[in-house]
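S.K.: Just passing along the structure, written as structure tokens.
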Amino acid sequence: MLSVRNRAITAIIASAVAAAALLPGCAVAPAPPPGKPAPRLPADSIAYDTLPVITSRPKLFPGDCSQFEKNPQLLGALGGSSPMFNPYAKACVMQRSAGTQVEVGSMDPDQRIPEPWPGWWKVYDYSVHHFRRMLVLDRYYAVSQLQGYGCVVAVNTGSLQVVTVRVGTEAGKGPVPGDSVDVDRQTAQQFCPDAQKAAEAYLNAVDPGGGSLAG
């Protein structure tokens with residue numbers, strides 16, 4: 001049975017993919033050819049709906065907490081402790097101080113959504129609050145959005161798997177996105193910068209030299 005979080009994500013991705021299928025073709029963002037180490041991406045990439053993505057790289061998140069259990073330095077870099085895998089959220093949840101959490105997880109391809117990334121990048125569902133496109137470490141396409149008492153950063157790593165990094169409070173212990181514009185703004189200001197920093201720390205540790213166009 002899917003969690004509320006996963007049902008929401010799946011609904012967002014499915015609606016975005018369906019909407020994208022109805023749109024006419026548009027220009028592809030300019031980008032250098034894939035390379036190793038990964039090339040820097042042009043800053044104006046975020047203005048384009050269509051990206052020159054690749055899907056040939058292996059997935060980064062293993063689907064459990066082994067990366068954090070084997071690497072205390074990674075756990076420390078994320079500012080978390082007590083890693084525990086949540087099979088419903090498909091994420092490794094780590095506790096932080098003051099009742100907050102950091103989660104690292106993924107959205108993997110399946111029969112219904114064989115390529116999850118376009119749905120994250122092309123969000124046409126305006127019920128999604130605080131949607132932002134960005135570049136992480138200048139090498140990864142990414143988006144941030146509010147999600148269940150926190151902020152999630154979804155990263156394109158050059159594979160079919162989308163890596164997600166969320167910082168926020170436990171369910172039921174914070175404001176719900178959409179309660180008001182002020183609540184959304186405060187939640188984004190509180191959690192989105194930390195979610196981006198956590199994503200950067202994770203990628204630096206597990207994917208040195210990597211990026212969305214890493215050859």
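Chain labels run A, B, ... following the order of the structure tokens; each chain numbers its residues from 1, and ligands are numbered from 1 in the order shown.
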Please, which residues of range 24-189 of chain A, numbered as in this document, come out helix (DSSP H, G or I) from DSSP, as a ChimeraX atom specification?
M.R.: /A:43-47,66-70,72-77,97-99,117-121,181-189
S.K.: Hey, what's within 12 Å of Ser66 in chain A if we count only C-alpha atoms and toss same-chain stuff fewer than 4 positions away? As a PDB file with N, CA, C and O atoms, in the first residue's frame, please?
M.R.:
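The file below, around-v7.pdb, is the result:
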ATOM      1  N   LEU A  60      22.258   5.776  -7.924  1.00  0.00           N
ATOM      2  CA  LEU A  60      23.099   6.144  -6.787  1.00  0.00           C
ATOM      3  C   LEU A  60      22.549   5.642  -5.464  1.00  0.00           C
ATOM      4  O   LEU A  60      23.306   5.221  -4.592  1.00  0.00           O
ATOM      5  N   PHE A  61      21.239   5.717  -5.294  1.00  0.00           N
ATOM      6  CA  PHE A  61      20.644   5.311  -4.022  1.00  0.00           C
ATOM      7  C   PHE A  61      20.300   3.830  -4.073  1.00  0.00           C
ATOM      8  O   PHE A  61      19.555   3.385  -4.950  1.00  0.00           O
ATOM      9  N   PRO A  62      20.810   3.024  -3.118  1.00  0.00           N
ATOM     10  CA  PRO A  62      20.642   1.572  -3.200  1.00  0.00           C
ATOM     11  C   PRO A  62      19.291   1.048  -2.740  1.00  0.00           C
ATOM     12  O   PRO A  62      19.024  -0.150  -2.854  1.00  0.00           O
ATOM     13  N   LYS A  70      27.491   2.339   6.559  1.00  0.00           N
ATOM     14  CA  LYS A  70      28.889   2.026   6.264  1.00  0.00           C
ATOM     15  C   LYS A  70      29.789   3.256   6.279  1.00  0.00           C
ATOM     16  O   LYS A  70      31.011   3.119   6.292  1.00  0.00           O
ATOM     17  N   ASN A  71      29.190   4.442   6.234  1.00  0.00           N
ATOM     18  CA  ASN A  71      29.981   5.667   6.112  1.00  0.00           C
ATOM     19  C   ASN A  71      29.527   6.705   7.139  1.00  0.00           C
ATOM     20  O   ASN A  71      28.699   7.561   6.844  1.00  0.00           O
ATOM     21  N   PRO A  72      30.074   6.638   8.362  1.00  0.00           N
ATOM     22  CA  PRO A  72      29.685   7.614   9.391  1.00  0.00           C
ATOM     23  C   PRO A  72      29.952   9.059   8.973  1.00  0.00           C
ATOM     24  O   PRO A  72      29.245   9.967   9.413  1.00  0.00           O
ATOM     25  N   LEU A  74      29.528  10.354   6.014  1.00  0.00           N
ATOM     26  CA  LEU A  74      28.384  10.787   5.214  1.00  0.00           C
ATOM     27  C   LEU A  74      27.218  11.127   6.134  1.00  0.00           C
ATOM     28  O   LEU A  74      26.541  12.138   5.943  1.00  0.00           O
ATOM     29  N   LEU A  75      26.996  10.301   7.122  1.00  0.00           N
ATOM     30  CA  LEU A  75      25.921  10.548   8.079  1.00  0.00           C
ATOM     31  C   LEU A  75      26.148  11.884   8.783  1.00  0.00           C
ATOM     32  O   LEU A  75      25.231  12.685   8.946  1.00  0.00           O
ATOM     33  N   PRO A  83      19.930   6.092  11.292  1.00  0.00           N
ATOM     34  CA  PRO A  83      19.283   5.839   9.994  1.00  0.00           C
ATOM     35  C   PRO A  83      18.320   4.664  10.051  1.00  0.00           C
ATOM     36  O   PRO A  83      18.636   3.613  10.619  1.00  0.00           O
ATOM     37  N   MET A  84      17.152   4.860   9.470  1.00  0.00           N
ATOM     38  CA  MET A  84      16.134   3.809   9.432  1.00  0.00           C
ATOM     39  C   MET A  84      15.405   3.884   8.099  1.00  0.00           C
ATOM     40  O   MET A  84      14.965   4.968   7.693  1.00  0.00           O
ATOM     41  N   PHE A  85      15.282   2.759   7.425  1.00  0.00           N
ATOM     42  CA  PHE A  85      14.645   2.765   6.107  1.00  0.00           C
ATOM     43  C   PHE A  85      13.133   2.728   6.245  1.00  0.00           C
ATOM     44  O   PHE A  85      12.571   1.939   7.000  1.00  0.00           O
ATOM     45  N   ALA A  91      12.787   5.706   1.386  1.00  0.00           N
ATOM     46  CA  ALA A  91      13.835   6.632   1.796  1.00  0.00           C
ATOM     47  C   ALA A  91      14.460   6.183   3.107  1.00  0.00           C
ATOM     48  O   ALA A  91      13.813   5.533   3.934  1.00  0.00           O
ATOM     49  N   CYS A  92      15.725   6.542   3.281  1.00  0.00           N
ATOM     50  CA  CYS A  92      16.414   6.331   4.548  1.00  0.00           C
ATOM     51  C   CYS A  92      16.222   7.596   5.369  1.00  0.00           C
ATOM     52  O   CYS A  92      16.639   8.684   4.967  1.00  0.00           O
ATOM     53  N   VAL A  93      15.586   7.444   6.520  1.00  0.00           N
ATOM     54  CA  VAL A  93      15.230   8.580   7.365  1.00  0.00           C
ATOM     55  C   VAL A  93      16.236   8.687   8.504  1.00  0.00           C
ATOM     56  O   VAL A  93      16.507   7.704   9.198  1.00  0.00           O
ATOM     57  N   VAL A 104      16.930  10.605   2.607  1.00  0.00           N
ATOM     58  CA  VAL A 104      17.491  10.393   1.271  1.00  0.00           C
ATOM     59  C   VAL A 104      16.785   9.191   0.674  1.00  0.00           C
ATOM     60  O   VAL A 104      16.750   8.114   1.298  1.00  0.00           O
TER      61      VAL A 104
END
S.K.: Counting only C-alpha atoms, which of A:Ala77, A:Val143, A:Ala201, A:Ala38 gets nearest to Thr164 in chain A?
M.R.: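 Comparing A:Ala77, A:Val143, A:Ala201, A:Ala38 against Thr164 in chain A, the winner is A:Val143.
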S.K.: Nearest to Gly209 in chain A among A:His130, A:Gly63, A:Gln101, A:Thr157, with distances taken over only C-alpha atoms: which residue is it?
M.R.: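 Closest to Gly209 in chain A, using only C-alpha atoms: A:Thr157.
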S.K.: Of the candidates A:Trp117, A:Gly105, A:Arg132, A:Asp110, which shows the shortest atom-to-atom distance to Ala47 in chain A, using only C-alpha atoms?
M.R.: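 Going through A:Trp117, A:Gly105, A:Arg132, A:Asp110 one by one, the smallest distance to Ala47 in chain A is for A:Arg132.
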S.K.: Find, counting only C-alpha atoms, the residue in A:Asp207, A:Asp184, A:Glu200, A:Glu69 that gets nearest to Phe131 in chain A.
M.R.: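 The closest residue to Phe131 in chain A is A:Asp184.
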